[in-house]
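Coordinates from query_13.pdb are shown below (PDB, C-alpha atoms).
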ATOM      1  CA  MET S   1      78.034 -27.293 -88.223  1.00  0.00           C
ATOM      2  CA  GLU S   2      77.161 -24.339 -85.997  1.00  0.00           C
ATOM      3  CA  TYR S   3      73.506 -25.326 -86.135  1.00  0.00           C
ATOM      4  CA  LEU S   4      74.342 -28.857 -84.994  1.00  0.00           C
ATOM      5  CA  ALA S   5      76.473 -27.502 -82.145  1.00  0.00           C
ATOM      6  CA  ALA S   6      73.685 -25.157 -81.062  1.00  0.00           C
ATOM      7  CA  ALA S   7      71.137 -27.983 -81.161  1.00  0.00           C
ATOM      8  CA  ILE S   8      73.368 -30.294 -79.111  1.00  0.00           C
ATOM      9  CA  ALA S   9      74.089 -27.556 -76.546  1.00  0.00           C
ATOM     10  CA  VAL S  10      70.405 -26.801 -76.010  1.00  0.00           C
ATOM     11  CA  GLY S  11      69.182 -30.376 -76.269  1.00  0.00           C
ATOM     12  CA  MET S  12      71.631 -32.062 -73.938  1.00  0.00           C
ATOM     13  CA  GLY S  13      71.368 -29.255 -71.385  1.00  0.00           C
ATOM     14  CA  ALA S  14      67.582 -29.423 -71.430  1.00  0.00           C
ATOM     15  CA  PHE S  15      67.659 -33.223 -71.187  1.00  0.00           C
ATOM     16  CA  GLY S  16      69.786 -33.240 -68.041  1.00  0.00           C
ATOM     17  CA  ALA S  17      67.906 -30.363 -66.457  1.00  0.00           C
ATOM     18  CA  GLY S  18      64.571 -32.016 -67.225  1.00  0.00           C
ATOM     19  CA  ILE S  19      65.566 -35.163 -65.362  1.00  0.00           C
ATOM     20  CA  GLY S  20      67.035 -33.185 -62.471  1.00  0.00           C
ATOM     21  CA  ASN S  21      64.076 -30.831 -62.143  1.00  0.00           C
ATOM     22  CA  GLY S  22      61.659 -33.732 -62.293  1.00  0.00           C
ATOM     23  CA  MET S  23      63.408 -35.460 -59.408  1.00  0.00           C
ATOM     24  CA  ILE S  24      63.553 -32.239 -57.345  1.00  0.00           C
ATOM     25  CA  VAL S  25      59.898 -31.363 -57.882  1.00  0.00           C
ATOM     26  CA  SER S  26      58.638 -34.891 -57.266  1.00  0.00           C
ATOM     27  CA  LYS S  27      60.527 -35.219 -53.990  1.00  0.00           C
ATOM     28  CA  THR S  28      59.426 -31.744 -52.875  1.00  0.00           C
ATOM     29  CA  VAL S  29      55.767 -32.493 -53.593  1.00  0.00           C
ATOM     30  CA  GLU S  30      56.120 -35.793 -51.766  1.00  0.00           C
ATOM     31  CA  GLY S  31      57.709 -34.038 -48.789  1.00  0.00           C
ATOM     32  CA  ILE S  32      55.048 -31.313 -48.651  1.00  0.00           C
ATOM     33  CA  SER S  33      52.309 -33.932 -48.827  1.00  0.00           C
ATOM     34  CA  ARG S  34      53.856 -35.863 -45.944  1.00  0.00           C
ATOM     35  CA  GLN S  35      54.703 -32.872 -43.739  1.00  0.00           C
ATOM     36  CA  PRO S  36      52.824 -29.703 -44.744  1.00  0.00           C
ATOM     37  CA  GLU S  37      54.256 -27.770 -41.783  1.00  0.00           C
ATOM     38  CA  LEU S  38      57.734 -27.986 -43.330  1.00  0.00           C
ATOM     39  CA  ARG S  39      56.730 -26.379 -46.606  1.00  0.00           C
ATOM     40  CA  GLY S  40      58.814 -23.231 -46.003  1.00  0.00           C
ATOM     41  CA  ALA S  41      62.039 -25.187 -45.660  1.00  0.00           C
ATOM     42  CA  LEU S  42      61.119 -27.464 -48.565  1.00  0.00           C
ATOM     43  CA  GLN S  43      60.284 -24.486 -50.791  1.00  0.00           C
ATOM     44  CA  THR S  44      63.657 -22.905 -50.064  1.00  0.00           C
ATOM     45  CA  THR S  45      65.483 -26.162 -50.717  1.00  0.00           C
ATOM     46  CA  MET S  46      63.579 -26.561 -53.971  1.00  0.00           C
ATOM     47  CA  PHE S  47      64.389 -22.999 -54.997  1.00  0.00           C
ATOM     48  CA  ILE S  48      68.092 -23.621 -54.392  1.00  0.00           C
ATOM     49  CA  GLY S  49      68.014 -26.944 -56.251  1.00  0.00           C
ATOM     50  CA  VAL S  50      66.031 -25.757 -59.252  1.00  0.00           C
ATOM     51  CA  GLY S  51      68.038 -22.540 -59.501  1.00  0.00           C
ATOM     52  CA  ILE S  52      71.335 -24.384 -59.597  1.00  0.00           C
ATOM     53  CA  VAL S  53      70.120 -27.144 -61.911  1.00  0.00           C
ATOM     54  CA  GLU S  54      68.775 -24.625 -64.416  1.00  0.00           C
ATOM     55  CA  VAL S  55      72.094 -22.838 -64.754  1.00  0.00           C
ATOM     56  CA  VAL S  56      73.267 -25.495 -67.212  1.00  0.00           C
ATOM     57  CA  PRO S  57      70.406 -25.198 -69.756  1.00  0.00           C
ATOM     58  CA  LEU S  58      70.515 -21.399 -69.438  1.00  0.00           C
ATOM     59  CA  ILE S  59      74.207 -21.422 -70.339  1.00  0.00           C
ATOM     60  CA  GLY S  60      73.362 -23.859 -73.138  1.00  0.00           C
ATOM     61  CA  ALA S  61      70.622 -21.595 -74.483  1.00  0.00           C
ATOM     62  CA  VAL S  62      72.884 -18.527 -74.409  1.00  0.00           C
ATOM     63  CA  LEU S  63      75.761 -20.419 -76.050  1.00  0.00           C
ATOM     64  CA  ALA S  64      73.410 -21.839 -78.682  1.00  0.00           C
ATOM     65  CA  PHE S  65      72.105 -18.351 -79.428  1.00  0.00           C
ATOM     66  CA  LEU S  66      75.650 -17.064 -79.853  1.00  0.00           C
ATOM     67  CA  MET S  67      76.598 -20.032 -82.060  1.00  0.00           C
ATOM     68  CA  PHE S  68      73.410 -19.751 -84.100  1.00  0.00           C
ATOM     69  CA  PHE S  69      74.088 -16.144 -84.999  1.00  0.00           C
ATOM     70  CA  ASN S  70      77.853 -16.756 -85.190  1.00  0.00           C
ATOM     71  CA  ALA S  71      78.661 -13.879 -82.840  1.00  0.00           C
TER      72      ALA S  71
ATOM     73  CA  MET J  72      60.542 -19.100 -40.097  1.00  0.00           C
ATOM     74  CA  LYS J  73      64.282 -19.118 -40.712  1.00  0.00           C
ATOM     75  CA  ASP J  74      64.175 -21.090 -43.966  1.00  0.00           C
ATOM     76  CA  ASP J  75      61.282 -19.252 -45.514  1.00  0.00           C
ATOM     77  CA  LEU J  76      61.513 -18.599 -49.223  1.00  0.00           C
ATOM     78  CA  ARG J  77      60.527 -14.952 -48.804  1.00  0.00           C
ATOM     79  CA  THR J  78      63.352 -14.370 -46.319  1.00  0.00           C
ATOM     80  CA  HIS J  79      65.758 -15.922 -48.764  1.00  0.00           C
ATOM     81  CA  MET J  80      64.463 -13.766 -51.624  1.00  0.00           C
ATOM     82  CA  HIS J  81      64.780 -10.634 -49.469  1.00  0.00           C
ATOM     83  CA  PHE J  82      68.393 -11.533 -48.721  1.00  0.00           C
ATOM     84  CA  VAL J  83      69.137 -12.137 -52.409  1.00  0.00           C
ATOM     85  CA  PHE J  84      67.470  -8.861 -53.451  1.00  0.00           C
ATOM     86  CA  ARG J  85      69.332  -6.908 -50.756  1.00  0.00           C
ATOM     87  CA  THR J  86      72.738  -8.256 -51.801  1.00  0.00           C
ATOM     88  CA  ALA J  87      71.874  -7.681 -55.460  1.00  0.00           C
ATOM     89  CA  LEU J  88      71.019  -4.048 -54.776  1.00  0.00           C
ATOM     90  CA  PHE J  89      74.339  -3.586 -52.970  1.00  0.00           C
ATOM     91  CA  PHE J  90      76.153  -5.224 -55.872  1.00  0.00           C
ATOM     92  CA  MET J  91      74.373  -3.060 -58.440  1.00  0.00           C
ATOM     93  CA  SER J  92      75.113   0.120 -56.492  1.00  0.00           C
ATOM     94  CA  PHE J  93      78.793  -0.894 -56.452  1.00  0.00           C
ATOM     95  CA  CYS J  94      78.618  -1.462 -60.224  1.00  0.00           C
ATOM     96  CA  LEU J  95      77.022   1.973 -60.606  1.00  0.00           C
ATOM     97  CA  LEU J  96      79.914   3.522 -58.698  1.00  0.00           C
ATOM     98  CA  VAL J  97      82.379   1.736 -60.975  1.00  0.00           C
ATOM     99  CA  TRP J  98      80.408   2.899 -64.028  1.00  0.00           C
ATOM    100  CA  ALA J  99      80.511   6.500 -62.786  1.00  0.00           C
ATOM    101  CA  PHE J 100      84.137   6.757 -61.704  1.00  0.00           C
ATOM    102  CA  VAL J 101      86.087   4.338 -63.945  1.00  0.00           C
ATOM    103  CA  PRO J 102      85.283   5.202 -67.573  1.00  0.00           C
ATOM    104  CA  GLN J 103      87.221   2.305 -69.154  1.00  0.00           C
ATOM    105  CA  TRP J 104      85.176  -0.211 -67.121  1.00  0.00           C
ATOM    106  CA  GLN J 105      81.804   1.244 -68.043  1.00  0.00           C
ATOM    107  CA  PRO J 106      80.738  -1.601 -70.414  1.00  0.00           C
ATOM    108  CA  VAL J 107      81.678  -4.236 -67.821  1.00  0.00           C
ATOM    109  CA  ALA J 108      79.688  -2.503 -65.068  1.00  0.00           C
ATOM    110  CA  ALA J 109      76.695  -1.934 -67.353  1.00  0.00           C
ATOM    111  CA  GLY J 110      76.749  -5.569 -68.490  1.00  0.00           C
ATOM    112  CA  LEU J 111      76.911  -6.802 -64.903  1.00  0.00           C
ATOM    113  CA  VAL J 112      73.964  -4.613 -63.907  1.00  0.00           C
ATOM    114  CA  LEU J 113      71.929  -5.809 -66.908  1.00  0.00           C
ATOM    115  CA  GLY J 114      72.673  -9.460 -66.157  1.00  0.00           C
ATOM    116  CA  THR J 115      71.892  -9.030 -62.456  1.00  0.00           C
ATOM    117  CA  VAL J 116      68.545  -7.369 -63.191  1.00  0.00           C
ATOM    118  CA  ILE J 117      67.562 -10.219 -65.517  1.00  0.00           C
ATOM    119  CA  SER J 118      68.741 -12.729 -62.929  1.00  0.00           C
ATOM    120  CA  LEU J 119      66.556 -11.078 -60.276  1.00  0.00           C
ATOM    121  CA  ILE J 120      63.526 -11.134 -62.583  1.00  0.00           C
ATOM    122  CA  ASN J 121      64.163 -14.835 -63.269  1.00  0.00           C
ATOM    123  CA  ALA J 122      64.505 -15.583 -59.547  1.00  0.00           C
ATOM    124  CA  ARG J 123      61.292 -13.734 -58.710  1.00  0.00           C
ATOM    125  CA  LEU J 124      59.462 -15.665 -61.458  1.00  0.00           C
ATOM    126  CA  LEU J 125      60.829 -18.980 -60.170  1.00  0.00           C
ATOM    127  CA  ALA J 126      59.853 -18.152 -56.574  1.00  0.00           C
ATOM    128  CA  TYR J 127      56.352 -17.224 -57.737  1.00  0.00           C
ATOM    129  CA  LYS J 128      56.019 -20.514 -59.622  1.00  0.00           C
ATOM    130  CA  ILE J 129      57.245 -22.505 -56.611  1.00  0.00           C
ATOM    131  CA  GLU J 130      54.760 -20.742 -54.319  1.00  0.00           C
ATOM    132  CA  LEU J 131      51.999 -21.421 -56.847  1.00  0.00           C
ATOM    133  CA  MET J 132      52.947 -25.084 -57.051  1.00  0.00           C
ATOM    134  CA  THR J 133      53.016 -25.403 -53.258  1.00  0.00           C
ATOM    135  CA  LYS J 134      49.593 -23.758 -53.026  1.00  0.00           C
ATOM    136  CA  HIS J 135      48.143 -26.230 -55.512  1.00  0.00           C
ATOM    137  CA  VAL J 136      49.725 -29.154 -53.639  1.00  0.00           C
ATOM    138  CA  MET J 137      48.386 -27.929 -50.306  1.00  0.00           C
ATOM    139  CA  GLU J 138      44.877 -27.352 -51.651  1.00  0.00           C
ATOM    140  CA  ASN J 139      44.999 -30.567 -53.689  1.00  0.00           C
ATOM    141  CA  THR J 140      43.483 -28.857 -56.734  1.00  0.00           C
ATOM    142  CA  GLY J 141      45.160 -31.194 -59.214  1.00  0.00           C
ATOM    143  CA  LYS J 142      46.219 -28.357 -61.482  1.00  0.00           C
ATOM    144  CA  ARG J 143      49.478 -28.674 -63.357  1.00  0.00           C
ATOM    145  CA  VAL J 144      52.089 -25.963 -62.870  1.00  0.00           C
ATOM    146  CA  ASN J 145      55.229 -25.755 -64.958  1.00  0.00           C
ATOM    147  CA  LEU J 146      58.264 -23.931 -63.674  1.00  0.00           C
ATOM    148  CA  GLY J 147      58.442 -21.554 -66.644  1.00  0.00           C
ATOM    149  CA  PHE J 148      61.874 -22.367 -67.970  1.00  0.00           C
ATOM    150  CA  ILE J 149      61.070 -21.031 -71.449  1.00  0.00           C
ATOM    151  CA  ALA J 150      60.193 -17.599 -70.028  1.00  0.00           C
ATOM    152  CA  ARG J 151      63.441 -17.480 -68.060  1.00  0.00           C
ATOM    153  CA  ALA J 152      65.563 -18.668 -70.994  1.00  0.00           C
ATOM    154  CA  SER J 153      63.874 -16.045 -73.198  1.00  0.00           C
ATOM    155  CA  MET J 154      64.679 -13.324 -70.661  1.00  0.00           C
ATOM    156  CA  SER J 155      68.327 -14.407 -70.668  1.00  0.00           C
ATOM    157  CA  ILE J 156      68.438 -14.383 -74.470  1.00  0.00           C
ATOM    158  CA  ILE J 157      66.881 -10.898 -74.518  1.00  0.00           C
ATOM    159  CA  GLY J 158      69.754  -9.749 -72.289  1.00  0.00           C
ATOM    160  CA  VAL J 159      72.310 -11.285 -74.635  1.00  0.00           C
ATOM    161  CA  MET J 160      70.567  -9.672 -77.632  1.00  0.00           C
ATOM    162  CA  VAL J 161      70.739  -6.254 -75.936  1.00  0.00           C
ATOM    163  CA  CYS J 162      74.476  -6.793 -75.397  1.00  0.00           C
ATOM    164  CA  LEU J 163      74.987  -7.724 -79.042  1.00  0.00           C
ATOM    165  CA  LYS J 164      72.948  -4.752 -80.250  1.00  0.00           C
ATOM    166  CA  PHE J 165      74.419  -2.046 -78.031  1.00  0.00           C
ATOM    167  CA  GLU J 166      78.154  -1.776 -77.546  1.00  0.00           C
ATOM    168  CA  GLN J 167      77.690  -0.004 -74.176  1.00  0.00           C
ATOM    169  CA  PHE J 168      77.191  -3.464 -72.612  1.00  0.00           C
ATOM    170  CA  ASP J 169      79.909  -6.088 -72.363  1.00  0.00           C
ATOM    171  CA  LEU J 170      78.620  -9.534 -73.358  1.00  0.00           C
ATOM    172  CA  MET J 171      80.707 -11.679 -71.016  1.00  0.00           C
ATOM    173  CA  SER J 172      79.875  -9.475 -68.027  1.00  0.00           C
ATOM    174  CA  ALA J 173      76.172  -9.749 -68.780  1.00  0.00           C
ATOM    175  CA  VAL J 174      76.434 -13.550 -69.058  1.00  0.00           C
ATOM    176  CA  CYS J 175      78.270 -13.620 -65.705  1.00  0.00           C
ATOM    177  CA  GLY J 176      75.613 -11.361 -64.182  1.00  0.00           C
ATOM    178  CA  LEU J 177      72.874 -13.737 -65.368  1.00  0.00           C
ATOM    179  CA  PHE J 178      73.992 -16.233 -62.722  1.00  0.00           C
ATOM    180  CA  TYR J 179      74.236 -13.792 -59.831  1.00  0.00           C
ATOM    181  CA  VAL J 180      71.248 -15.185 -57.910  1.00  0.00           C
ATOM    182  CA  GLN J 181      72.436 -18.772 -58.317  1.00  0.00           C
ATOM    183  CA  ALA J 182      75.922 -17.874 -57.089  1.00  0.00           C
ATOM    184  CA  VAL J 183      74.576 -16.047 -54.022  1.00  0.00           C
ATOM    185  CA  THR J 184      72.093 -18.845 -53.335  1.00  0.00           C
ATOM    186  CA  LEU J 185      74.816 -21.480 -53.551  1.00  0.00           C
ATOM    187  CA  LEU J 186      77.144 -19.524 -51.265  1.00  0.00           C
ATOM    188  CA  LYS J 187      74.378 -18.896 -48.738  1.00  0.00           C
ATOM    189  CA  GLY J 188      73.370 -22.571 -48.833  1.00  0.00           C
ATOM    190  CA  LEU J 189      76.952 -23.694 -48.264  1.00  0.00           C
ATOM    191  CA  ILE J 190      77.415 -21.241 -45.391  1.00  0.00           C
ATOM    192  CA  SER J 191      74.139 -22.221 -43.704  1.00  0.00           C
ATOM    193  CA  ALA J 192      74.958 -25.937 -44.178  1.00  0.00           C
ATOM    194  CA  ALA J 193      78.362 -25.387 -42.567  1.00  0.00           C
ATOM    195  CA  ASN J 194      76.718 -23.504 -39.678  1.00  0.00           C
ATOM    196  CA  ASN J 195      74.151 -26.275 -39.177  1.00  0.00           C
ATOM    197  CA  ASN J 196      76.920 -28.897 -39.148  1.00  0.00           C
ATOM    198  CA  GLY J 197      78.833 -26.826 -36.621  1.00  0.00           C
ATOM    199  CA  MET J 198      75.780 -26.558 -34.374  1.00  0.00           C
ATOM    200  CA  HIS J 199      75.154 -30.301 -34.604  1.00  0.00           C
ATOM    201  CA  GLY J 200      78.818 -30.967 -33.887  1.00  0.00           C
ATOM    202  CA  LYS J 201      78.693 -28.828 -30.751  1.00  0.00           C
ATOM    203  CA  GLY J 202      75.446 -30.368 -29.616  1.00  0.00           C
TER     204      GLY J 202
END
structure tokens encoding of this file:
Amino acid sequence: MEYLAAAIAVGMGAFGAGIGNGMIVSKTVEGISRQPELRGALQTTMFIGVGIVEVVPLIGAVLAFLMFFNA
Amino acid sequence: MKDDLRTHMHFVFRTALFFMSFCLLVWAFVPQWQPVAAGLVLGTVISLINARLLAYKIELMTKHVMENTGKRVNLGFIARASMSIIGVMVCLKFEQFDLMSAVCGLFYVQAVTLLKGLISAANNNGMHGKG
């Protein structure tokens, strides 16, 4: 049962973060292509977005590791 | 430029160094809190490495977009997740590090980034309101 819990924690977290990161990166690339002079602001916004989105799968990975080894 | 990524990273690194020096003081002068301080420092260091890696990947991606090279760049999530798991493994292996503190420290950069973003958004709204 711990293995199933670990798999669900990693899988669902990665699924949501994958969709979110894809949207962030696609919109940032679109924005940079349209207005290259704004790339500094867009990079910072992307850094903030990706950093916050990836908290969830990181927590999932750590929790899955702890569950997997039953710590 | 005010919103430059490098400026933001400098701010994050500066606050992280202040935070780690505070943790070092706690580690030196409060013996019963030593594992908590050590875990926080370990988590913050890993968080800074992850942030630097993410900033590098974003700069690389922007460079490829600007030059229109057509190369694919991934954001390196596996490397960052592996770094986090290494930190957790160190905490499980050595009892000098508290696990929960290290996990909290792993999200230091995100917490500072979110706070800074909220504060700058509030300032921008205030400026627009005045104008």
For this session: Name the residues captured by the PyMOL selection byres ((chain S) within 8 of (chain J)) when it is applied to the shown file; answer as an NGL selection string.
Result: :S and (29 or 32-33 or 36 or 39-41 or 43-44 or 46-48 or 51-52 or 55 or 58 or 61-62 or 65)
Exercise. Which residue out of S:Ser26, S:Leu38, S:Gly49, S:Ile59 has the minimum interatomic distance to S:Met12 when all atoms listed in the file are used?
Worked result: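 Selected residue with least distance to S:Met12: S:Ile59.
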Problem set entry | Neighbour residues at most 6 Å from (75.5, -7.9, -69.9) (only C-alpha atoms) as JSON, numbers by chain | {"J": [110, 111, 113, 114, 162, 168, 169, 170, 172, 173, 174]}
Output file for the selection above: C-alpha atoms, as a compact mmCIF listing (two decimals), keeping the file's coordinate frame:
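Dumped to out.txt:
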# COMPACT_ATOMS: atom_id res chain seq x y z
CA GLY J 110 76.75 -5.57 -68.49
CA LEU J 111 76.91 -6.80 -64.90
CA LEU J 113 71.93 -5.81 -66.91
CA GLY J 114 72.67 -9.46 -66.16
CA CYS J 162 74.48 -6.79 -75.40
CA PHE J 168 77.19 -3.46 -72.61
CA ASP J 169 79.91 -6.09 -72.36
CA LEU J 170 78.62 -9.53 -73.36
CA SER J 172 79.88 -9.48 -68.03
CA ALA J 173 76.17 -9.75 -68.78
CA VAL J 174 76.43 -13.55 -69.06
Could you work out an axis-aligned bounding box for all listed atoms of stretch 133-138 of chain J, with 3 Å added on each of the six sides, and give its centre and edge lengths in Å to one decimal, as lines of an AutoDock Vina configuration file?
center_x = 48.9
center_y = -26.5
center_z = -52.9
size_x = 14.1
size_y = 11.4
size_z = 11.2
Exercise. Mind pulling up the distance from atom CA of J:Ala108 to atom CA of J:Phe165?
Worked result: 14.0 Å
For this session: Write out as number ranges by chain the residues lying within 12 Å of S:Val10, counting only C-alpha atoms and excluding same-chain residues fewer than 2 positions away.
Result: S: 3-8, 12-18, 54, 56-68; J: 149, 152
Exercise. Which one is closest to J:Gln167: J:Asn194, J:Gln105, J:Ser118, J:Ser92? Count only C-alpha atoms.
Worked result: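 Checking each candidate against J:Gln167, we get J:Gln105 as the closest.
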For this session: Just give me the gap between atom CA of J:Glu166 and atom CA of J:Pro102 in Å, one decimal is fine.
Result: 14.1 Å
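With distances taken over only C-alpha atoms, S:Gly22 is the one residue among S:Gln35, S:Ala9, S:Lys27, S:Gly22 lying closest to S:Val53.
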For this session: Could you tell me how far atom CA of J:Thr115 lies from atom CA of J:Gly176, in Å and to one decimal?
Result: 4.7 Å
